[in-house]
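File shown: start.cif. Contents: mmCIF, C-alpha atoms; chains and numbers go by the auth columns.
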```
data_run
#
loop_
_atom_site.group_PDB
_atom_site.id
_atom_site.type_symbol
_atom_site.label_atom_id
_atom_site.label_comp_id
_atom_site.label_asym_id
_atom_site.label_seq_id
_atom_site.Cartn_x
_atom_site.Cartn_y
_atom_site.Cartn_z
_atom_site.B_iso_or_equiv
_atom_site.auth_seq_id
_atom_site.auth_asym_id
ATOM 1 C CA MET A 1 -58.727 -93.799 -15.661 0.00 133 A
ATOM 2 C CA ALA A 2 -57.142 -95.778 -18.466 0.00 134 A
ATOM 3 C CA GLU A 3 -53.598 -97.031 -17.815 0.00 135 A
ATOM 4 C CA GLU A 4 -52.271 -95.237 -20.853 0.00 136 A
ATOM 5 C CA PRO A 5 -50.531 -91.917 -20.198 0.00 137 A
ATOM 6 C CA PRO A 6 -52.875 -89.015 -21.005 0.00 138 A
ATOM 7 C CA VAL A 7 -51.947 -87.137 -24.144 0.00 139 A
ATOM 8 C CA ALA A 8 -49.843 -84.102 -23.324 0.00 140 A
ATOM 9 C CA VAL A 9 -51.859 -80.913 -23.435 0.00 141 A
ATOM 10 C CA ALA A 10 -51.026 -78.044 -25.734 0.00 142 A
ATOM 11 C CA ARG A 11 -49.215 -75.014 -24.370 0.00 143 A
ATOM 12 C CA GLY A 12 -49.276 -71.331 -25.107 0.00 144 A
ATOM 13 C CA ARG A 13 -52.331 -69.712 -26.632 0.00 145 A
ATOM 14 C CA HIS A 14 -53.682 -73.146 -27.622 0.00 146 A
ATOM 15 C CA ALA A 15 -53.528 -74.444 -24.070 0.00 147 A
ATOM 16 C CA PRO A 16 -56.785 -75.820 -22.606 0.00 148 A
ATOM 17 C CA PRO A 17 -58.339 -74.365 -19.443 0.00 149 A
ATOM 18 C CA LEU A 18 -56.391 -74.742 -16.210 0.00 150 A
ATOM 19 C CA GLU A 19 -58.725 -77.398 -14.800 0.00 151 A
ATOM 20 C CA VAL A 20 -58.102 -79.598 -17.861 0.00 152 A
ATOM 21 C CA ARG A 21 -54.324 -79.290 -17.490 0.00 153 A
ATOM 22 C CA LEU A 22 -54.523 -80.088 -13.783 0.00 154 A
ATOM 23 C CA ASP A 23 -56.707 -83.132 -14.448 0.00 155 A
ATOM 24 C CA VAL A 24 -54.226 -84.478 -16.998 0.00 156 A
ATOM 25 C CA GLN A 25 -51.342 -83.924 -14.579 0.00 157 A
ATOM 26 C CA ARG A 26 -53.210 -85.649 -11.756 0.00 158 A
ATOM 27 C CA ARG A 27 -54.040 -88.674 -13.881 0.00 159 A
ATOM 28 C CA ARG A 28 -50.429 -88.990 -15.018 0.00 160 A
ATOM 29 C CA LEU A 29 -49.320 -88.933 -11.390 0.00 161 A
ATOM 30 C CA PHE A 30 -51.912 -91.558 -10.451 0.00 162 A
ATOM 31 C CA LEU A 31 -50.754 -93.861 -13.244 0.00 163 A
ATOM 32 C CA ALA A 32 -47.119 -93.356 -12.309 0.00 164 A
ATOM 33 C CA ALA A 33 -47.769 -94.022 -8.621 0.00 165 A
ATOM 34 C CA ALA A 34 -49.661 -97.221 -9.477 0.00 166 A
ATOM 35 C CA ALA A 35 -46.884 -98.396 -11.806 0.00 167 A
ATOM 36 C CA VAL A 36 -44.141 -97.800 -9.225 0.00 168 A
ATOM 37 C CA CYS A 37 -46.133 -99.356 -6.394 0.00 169 A
ATOM 38 C CA ALA A 38 -47.211 -102.414 -8.379 0.00 170 A
ATOM 39 C CA ARG A 39 -43.655 -102.979 -9.579 0.00 171 A
ATOM 40 C CA GLY A 40 -41.740 -102.585 -6.331 0.00 172 A
ATOM 41 C CA GLY A 41 -44.257 -102.290 -3.518 0.00 173 A
ATOM 42 C CA TYR A 42 -45.164 -99.350 -1.342 0.00 174 A
ATOM 43 C CA ALA A 43 -41.657 -99.196 0.134 0.00 175 A
ATOM 44 C CA ASP A 44 -40.295 -98.105 -3.265 0.00 176 A
ATOM 45 C CA LEU A 45 -42.888 -95.369 -3.659 0.00 177 A
ATOM 46 C CA THR A 46 -41.526 -91.838 -3.267 0.00 178 A
ATOM 47 C CA ALA A 47 -42.443 -88.486 -4.724 0.00 179 A
ATOM 48 C CA GLU A 48 -39.212 -88.653 -6.720 0.00 180 A
ATOM 49 C CA ALA A 49 -40.008 -92.130 -8.093 0.00 181 A
ATOM 50 C CA ILE A 50 -43.534 -91.056 -9.029 0.00 182 A
ATOM 51 C CA THR A 51 -42.434 -87.936 -10.854 0.00 183 A
ATOM 52 C CA ARG A 52 -39.619 -89.758 -12.616 0.00 184 A
ATOM 53 C CA GLU A 53 -42.106 -92.387 -13.820 0.00 185 A
ATOM 54 C CA ALA A 54 -44.521 -89.649 -14.935 0.00 186 A
ATOM 55 C CA GLY A 55 -41.841 -87.526 -16.580 0.00 187 A
ATOM 56 C CA MET A 56 -42.856 -84.567 -14.439 0.00 188 A
ATOM 57 C CA SER A 57 -41.212 -82.359 -11.850 0.00 189 A
ATOM 58 C CA LYS A 58 -41.424 -82.835 -8.087 0.00 190 A
ATOM 59 C CA ALA A 59 -42.835 -79.320 -7.899 0.00 191 A
ATOM 60 C CA THR A 60 -45.795 -80.466 -10.000 0.00 192 A
ATOM 61 C CA PHE A 61 -46.322 -83.447 -7.710 0.00 193 A
ATOM 62 C CA TYR A 62 -46.475 -81.179 -4.656 0.00 194 A
ATOM 63 C CA GLU A 63 -48.992 -78.933 -6.400 0.00 195 A
ATOM 64 C CA HIS A 64 -51.392 -81.888 -6.243 0.00 196 A
ATOM 65 C CA PHE A 65 -50.379 -83.904 -3.180 0.00 197 A
ATOM 66 C CA ALA A 66 -48.722 -83.204 0.149 0.00 198 A
ATOM 67 C CA ASN A 67 -46.956 -86.585 0.125 0.00 199 A
ATOM 68 C CA LYS A 68 -47.092 -90.096 -1.313 0.00 200 A
ATOM 69 C CA GLU A 69 -49.701 -91.203 1.233 0.00 201 A
ATOM 70 C CA GLU A 70 -52.102 -88.510 0.077 0.00 202 A
ATOM 71 C CA CYS A 71 -51.504 -89.573 -3.526 0.00 203 A
ATOM 72 C CA ILE A 72 -52.382 -93.202 -2.753 0.00 204 A
ATOM 73 C CA LEU A 73 -55.500 -92.197 -0.799 0.00 205 A
ATOM 74 C CA ALA A 74 -56.675 -90.052 -3.718 0.00 206 A
ATOM 75 C CA LEU A 75 -55.937 -92.920 -6.120 0.00 207 A
ATOM 76 C CA MET A 76 -58.161 -95.211 -4.025 0.00 208 A
ATOM 77 C CA ASP A 77 -60.999 -92.691 -4.197 0.00 209 A
ATOM 78 C CA GLU A 78 -60.603 -92.269 -7.949 0.00 210 A
ATOM 79 C CA ALA A 79 -60.488 -96.031 -8.524 0.00 211 A
ATOM 80 C CA THR A 80 -63.705 -96.480 -6.539 0.00 212 A
ATOM 81 C CA ARG A 81 -65.497 -93.856 -8.644 0.00 213 A
ATOM 82 C CA GLU A 82 -64.246 -95.382 -11.894 0.00 214 A
ATOM 83 C CA VAL A 83 -65.361 -98.896 -10.984 0.00 215 A
ATOM 84 C CA MET A 84 -68.773 -97.753 -9.748 0.00 216 A
ATOM 85 C CA GLN A 85 -69.299 -95.858 -13.001 0.00 217 A
ATOM 86 C CA ALA A 86 -68.252 -98.852 -15.096 0.00 218 A
ATOM 87 C CA MET A 87 -70.659 -101.105 -13.224 0.00 219 A
ATOM 88 C CA ALA A 88 -73.534 -98.642 -13.524 0.00 220 A
ATOM 89 C CA THR A 89 -72.956 -98.238 -17.260 0.00 221 A
ATOM 90 C CA ALA A 90 -72.730 -101.977 -17.884 0.00 222 A
ATOM 91 C CA THR A 91 -75.965 -102.792 -16.063 0.00 223 A
ATOM 92 C CA ALA A 92 -78.220 -100.058 -17.450 0.00 224 A
ATOM 93 C CA THR A 93 -79.812 -102.398 -19.995 0.00 225 A
ATOM 94 C CA ALA A 94 -80.267 -105.235 -17.507 0.00 226 A
ATOM 95 C CA SER A 95 -82.026 -102.844 -15.129 0.00 227 A
ATOM 96 C CA VAL A 96 -84.553 -101.997 -17.805 0.00 228 A
ATOM 97 C CA ARG A 97 -85.193 -105.696 -18.503 0.00 229 A
ATOM 98 C CA GLY A 98 -85.922 -106.299 -14.838 0.00 230 A
ATOM 99 C CA ASP A 99 -83.740 -109.432 -14.835 0.00 231 A
ATOM 100 C CA TYR A 100 -81.968 -109.246 -11.482 0.00 232 A
ATOM 101 C CA ARG A 101 -79.816 -112.326 -11.997 0.00 233 A
ATOM 102 C CA GLN A 102 -78.517 -110.939 -15.291 0.00 234 A
ATOM 103 C CA HIS A 103 -78.135 -107.541 -13.671 0.00 235 A
ATOM 104 C CA VAL A 104 -75.817 -109.046 -11.049 0.00 236 A
ATOM 105 C CA ARG A 105 -73.841 -110.896 -13.712 0.00 237 A
ATOM 106 C CA ASP A 106 -73.418 -107.715 -15.741 0.00 238 A
ATOM 107 C CA GLN A 107 -72.219 -105.776 -12.694 0.00 239 A
ATOM 108 C CA LEU A 108 -69.758 -108.464 -11.721 0.00 240 A
ATOM 109 C CA GLY A 109 -68.483 -108.789 -15.278 0.00 241 A
ATOM 110 C CA ALA A 110 -67.944 -105.030 -15.473 0.00 242 A
ATOM 111 C CA PHE A 111 -66.012 -105.082 -12.196 0.00 243 A
ATOM 112 C CA LEU A 112 -63.716 -107.909 -13.295 0.00 244 A
ATOM 113 C CA ARG A 113 -63.166 -106.449 -16.775 0.00 245 A
ATOM 114 C CA THR A 114 -62.214 -103.134 -15.189 0.00 246 A
ATOM 115 C CA LEU A 115 -59.503 -104.923 -13.221 0.00 247 A
ATOM 116 C CA THR A 116 -58.094 -106.387 -16.436 0.00 248 A
ATOM 117 C CA GLU A 117 -58.006 -102.902 -17.972 0.00 249 A
ATOM 118 C CA TYR A 118 -56.269 -101.316 -14.969 0.00 250 A
ATOM 119 C CA PRO A 119 -53.960 -104.028 -13.589 0.00 251 A
ATOM 120 C CA THR A 120 -51.366 -101.811 -11.890 0.00 252 A
ATOM 121 C CA THR A 121 -54.068 -99.671 -10.287 0.00 253 A
ATOM 122 C CA ALA A 122 -55.823 -102.807 -9.013 0.00 254 A
ATOM 123 C CA GLN A 123 -52.538 -104.159 -7.645 0.00 255 A
ATOM 124 C CA THR A 124 -51.855 -100.890 -5.844 0.00 256 A
ATOM 125 C CA VAL A 125 -55.336 -100.356 -4.418 0.00 257 A
ATOM 126 C CA LEU A 126 -56.158 -103.935 -3.401 0.00 258 A
ATOM 127 C CA VAL A 127 -52.742 -105.337 -2.476 0.00 259 A
ATOM 128 C CA GLU A 128 -49.853 -102.905 -2.057 0.00 260 A
ATOM 129 C CA GLY A 129 -51.821 -99.915 -0.798 0.00 261 A
ATOM 130 C CA VAL A 130 -52.510 -101.545 2.564 0.00 262 A
ATOM 131 C CA ALA A 131 -48.868 -100.950 3.480 0.00 263 A
ATOM 132 C CA ALA A 132 -49.435 -97.199 3.222 0.00 264 A
ATOM 133 C CA GLY A 133 -50.521 -97.136 6.864 0.00 265 A
ATOM 134 C CA PRO A 134 -53.658 -96.787 8.984 0.00 266 A
ATOM 135 C CA GLN A 135 -55.261 -94.141 6.790 0.00 267 A
ATOM 136 C CA ALA A 136 -54.894 -96.293 3.694 0.00 268 A
ATOM 137 C CA ALA A 137 -56.306 -99.314 5.536 0.00 269 A
ATOM 138 C CA GLU A 138 -59.281 -97.210 6.645 0.00 270 A
ATOM 139 C CA ARG A 139 -59.762 -95.909 3.105 0.00 271 A
ATOM 140 C CA ARG A 140 -59.652 -99.459 1.749 0.00 272 A
ATOM 141 C CA ASP A 141 -62.278 -100.503 4.296 0.00 273 A
ATOM 142 C CA ALA A 142 -64.395 -97.500 3.294 0.00 274 A
ATOM 143 C CA MET A 143 -64.030 -98.449 -0.370 0.00 275 A
ATOM 144 C CA LEU A 144 -65.277 -101.977 0.345 0.00 276 A
ATOM 145 C CA ALA A 145 -68.151 -100.530 2.375 0.00 277 A
ATOM 146 C CA VAL A 146 -69.180 -98.405 -0.614 0.00 278 A
ATOM 147 C CA PHE A 147 -69.400 -101.514 -2.801 0.00 279 A
ATOM 148 C CA ALA A 148 -71.245 -103.500 -0.132 0.00 280 A
ATOM 149 C CA GLU A 149 -73.798 -100.753 0.505 0.00 281 A
ATOM 150 C CA SER A 150 -74.319 -100.331 -3.242 0.00 282 A
ATOM 151 C CA LEU A 151 -74.903 -104.082 -3.596 0.00 283 A
ATOM 152 C CA LEU A 152 -77.327 -104.040 -0.669 0.00 284 A
ATOM 153 C CA ARG A 153 -79.329 -101.066 -1.989 0.00 285 A
ATOM 154 C CA ASP A 154 -79.434 -102.511 -5.470 0.00 286 A
ATOM 155 C CA ASN A 155 -80.705 -105.818 -4.103 0.00 287 A
ATOM 156 C CA ALA A 156 -83.365 -104.123 -1.963 0.00 288 A
ATOM 157 C CA ARG A 157 -84.642 -102.161 -4.985 0.00 289 A
ATOM 158 C CA ALA A 158 -84.830 -105.331 -7.074 0.00 290 A
ATOM 159 C CA ALA A 159 -86.650 -107.156 -4.287 0.00 291 A
ATOM 160 C CA GLN A 160 -89.242 -104.405 -4.068 0.00 292 A
ATOM 161 C CA ARG A 161 -89.576 -103.914 -7.807 0.00 293 A
ATOM 162 C CA GLU A 162 -89.605 -107.482 -9.083 0.00 294 A
ATOM 163 C CA GLY A 163 -89.590 -109.820 -6.106 0.00 295 A
ATOM 164 C CA ALA A 164 -85.913 -110.741 -6.415 0.00 296 A
ATOM 165 C CA PRO A 165 -84.477 -112.760 -3.510 0.00 297 A
ATOM 166 C CA GLN A 166 -83.044 -110.500 -0.825 0.00 298 A
ATOM 167 C CA PHE A 167 -79.923 -110.678 1.318 0.00 299 A
ATOM 168 C CA ALA A 168 -80.757 -111.794 4.861 0.00 300 A
ATOM 169 C CA SER A 169 -78.569 -109.080 6.393 0.00 301 A
ATOM 170 C CA ARG A 170 -76.117 -106.291 5.656 0.00 302 A
ATOM 171 C CA ASP A 171 -73.315 -108.693 6.559 0.00 303 A
ATOM 172 C CA ASP A 172 -74.308 -110.889 3.613 0.00 304 A
ATOM 173 C CA ALA A 173 -73.457 -108.064 1.220 0.00 305 A
ATOM 174 C CA PHE A 174 -70.159 -107.458 3.013 0.00 306 A
ATOM 175 C CA ALA A 175 -69.409 -111.179 2.783 0.00 307 A
ATOM 176 C CA VAL A 176 -69.844 -111.052 -1.002 0.00 308 A
ATOM 177 C CA VAL A 177 -67.536 -108.056 -1.327 0.00 309 A
ATOM 178 C CA GLY A 178 -64.970 -109.517 1.070 0.00 310 A
ATOM 179 C CA ALA A 179 -64.870 -112.830 -0.761 0.00 311 A
ATOM 180 C CA THR A 180 -64.615 -111.080 -4.119 0.00 312 A
ATOM 181 C CA VAL A 181 -61.750 -108.841 -3.023 0.00 313 A
ATOM 182 C CA GLU A 182 -59.841 -111.737 -1.460 0.00 314 A
ATOM 183 C CA LEU A 183 -60.195 -113.839 -4.616 0.00 315 A
ATOM 184 C CA VAL A 184 -59.092 -110.936 -6.797 0.00 316 A
ATOM 185 C CA SER A 185 -56.203 -110.090 -4.455 0.00 317 A
ATOM 186 C CA ARG A 186 -54.977 -113.688 -4.643 0.00 318 A
ATOM 187 C CA HIS A 187 -55.090 -113.461 -8.437 0.00 319 A
ATOM 188 C CA LEU A 188 -53.082 -110.223 -8.361 0.00 320 A
ATOM 189 C CA ARG A 189 -50.507 -111.641 -5.931 0.00 321 A
ATOM 190 C CA THR A 190 -50.070 -115.100 -7.414 0.00 322 A
ATOM 191 C CA GLY A 191 -51.607 -115.160 -10.873 0.00 323 A
ATOM 192 C CA VAL A 192 -54.171 -117.763 -9.767 0.00 324 A
ATOM 193 C CA PRO A 193 -56.351 -118.156 -11.685 0.00 325 A
ATOM 194 C CA GLU A 194 -54.475 -117.034 -14.778 0.00 326 A
ATOM 195 C CA ASP A 195 -57.414 -114.962 -16.015 0.00 327 A
ATOM 196 C CA VAL A 196 -59.333 -112.957 -13.407 0.00 328 A
ATOM 197 C CA LEU A 197 -62.518 -113.466 -15.442 0.00 329 A
ATOM 198 C CA GLU A 198 -62.388 -117.141 -14.417 0.00 330 A
ATOM 199 C CA LEU A 199 -63.482 -115.945 -10.983 0.00 331 A
ATOM 200 C CA GLN A 200 -66.880 -114.806 -12.225 0.00 332 A
ATOM 201 C CA PRO A 201 -68.730 -118.140 -11.837 0.00 333 A
ATOM 202 C CA VAL A 202 -67.177 -118.631 -8.383 0.00 334 A
ATOM 203 C CA ILE A 203 -68.344 -115.236 -7.183 0.00 335 A
ATOM 204 C CA GLU A 204 -71.764 -115.766 -8.753 0.00 336 A
ATOM 205 C CA ARG A 205 -72.143 -118.929 -6.678 0.00 337 A
ATOM 206 C CA VAL A 206 -71.318 -116.945 -3.544 0.00 338 A
ATOM 207 C CA ILE A 207 -73.858 -114.262 -4.409 0.00 339 A
ATOM 208 C CA PHE A 208 -76.712 -116.489 -5.500 0.00 340 A
ATOM 209 C CA GLY A 209 -75.988 -118.948 -2.722 0.00 341 A
ATOM 210 C CA LEU A 210 -76.422 -116.213 -0.113 0.00 342 A
ATOM 211 C CA LEU A 211 -79.579 -115.114 -1.900 0.00 343 A
ATOM 212 C CA GLY A 212 -80.916 -118.641 -1.696 0.00 344 A
ATOM 213 C CA GLY A 213 -80.882 -118.996 -5.460 0.00 345 A
ATOM 214 C CA GLY A 214 -78.908 -122.194 -5.667 0.00 346 A
ATOM 215 C CA ASP A 215 -76.461 -122.714 -8.524 0.00 347 A
ATOM 216 C CA SER A 216 -75.820 -119.852 -10.910 0.00 348 A
#
```
What would you get if you wrote out this structure as structure tokens?
Amino acid sequence: MAEEPPVAVARGRHAPPLEVRLDVQRRRLFLAAAAVCARGGYADLTAEAITREAGMSKATFYEHFANKEECILALMDEATREVMQAMATATATASVRGDYRQHVRDQLGAFLRTLTEYPTTAQTVLVEGVAAGPQAAERRDAMLAVFAESLLRDNARAAQREGAPQFASRDDAFAVVGATVELVSRHLRTGVPEDVLELQPVIERVIFGLLGGGDS
């Protein structure tokens, strides 16, 4: 979900199928919601502000979402899918090599690079979105659980396939994800460190330390 507005679709007899038009509209609304929220916080987010940012009508917004909360929840789901796909794509080669340490590095690098490509979405999902209420907090927790469970399954497969060191418990995987998200959130809030990619060696030390692998 690149943070460039999708190209407007053709109209009339050259118009694409309805599902394509709806997808373009939805992505424009996601990008607009993230931009508004990252700029002014969740308190400034309204259907009117979103549609004004997107250059669309409020009627179009309500064709997709019942309210701003539903929009943010859907954005969280979409962001999770996008990041998981980016990580899977980036690590395909490492999986074939059977190098688990490099596999982890590739996954982590893909995650951090995705944040640099989608800064307003990251700000909204990881920082501002929590203010959207209990449902958003639950969705954020569910999103982190998805990443933790994926990390745990991936580690278990590598342990079985190639004897890679294994997490001692499910909580170890959650600890990695929690530490990663907190470090990234601090970067988004304060700009420390200046480049989010500087966090990679720190997070690697957390991961490999929990795996008993020593320094990365």
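CA of Glu260 in chain A sits 5.8 Å away from CA of Gly173 in chain A.
Using all atoms listed in the file, the contacts of range 229-246 of chain A at a cut-off of 7 Å, with sequence neighbours closer than 5 positions omitted, comprise Val215, Ala218, Met219, Ala222, Thr223, Ala290, Glu294, Ala296, Val328, Leu329 and Gln332 of chain A.
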Handout entry: Residues in the PyMOL selection byres ((chain A and resi 203) around 12), expressed as a ChimeraX atom specification
Key = /A:158-166,169,174,177-179,182-183,193-202,204-210,256-257,261,264,267-268
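Taking all atoms listed in the file into account, Pro297 in chain A lies nearest to A:Leu284 out of the set A:Met216, A:Ala186, A:Leu284, A:Val313.
Minimum distance to Val308 in chain A across A:Gly295, A:Gly187, A:Pro325, A:Gly341 (counting only C-alpha atoms) occurs at A:Gly341.
Atom to atom, CA of Phe340 in chain A and CA of Glu314 in chain A stand 18.0 Å apart.
Atom pair CA of Ala175 in chain A / CA of Thr248 in chain A has a distance of 24.4 Å (rounded to one decimal).
When all atoms listed in the file are used to measure the gap to Phe306 in chain A, the shortest distance among A:Leu283, A:Val152, A:Ala288, A:Ala224 belongs to A:Leu283.
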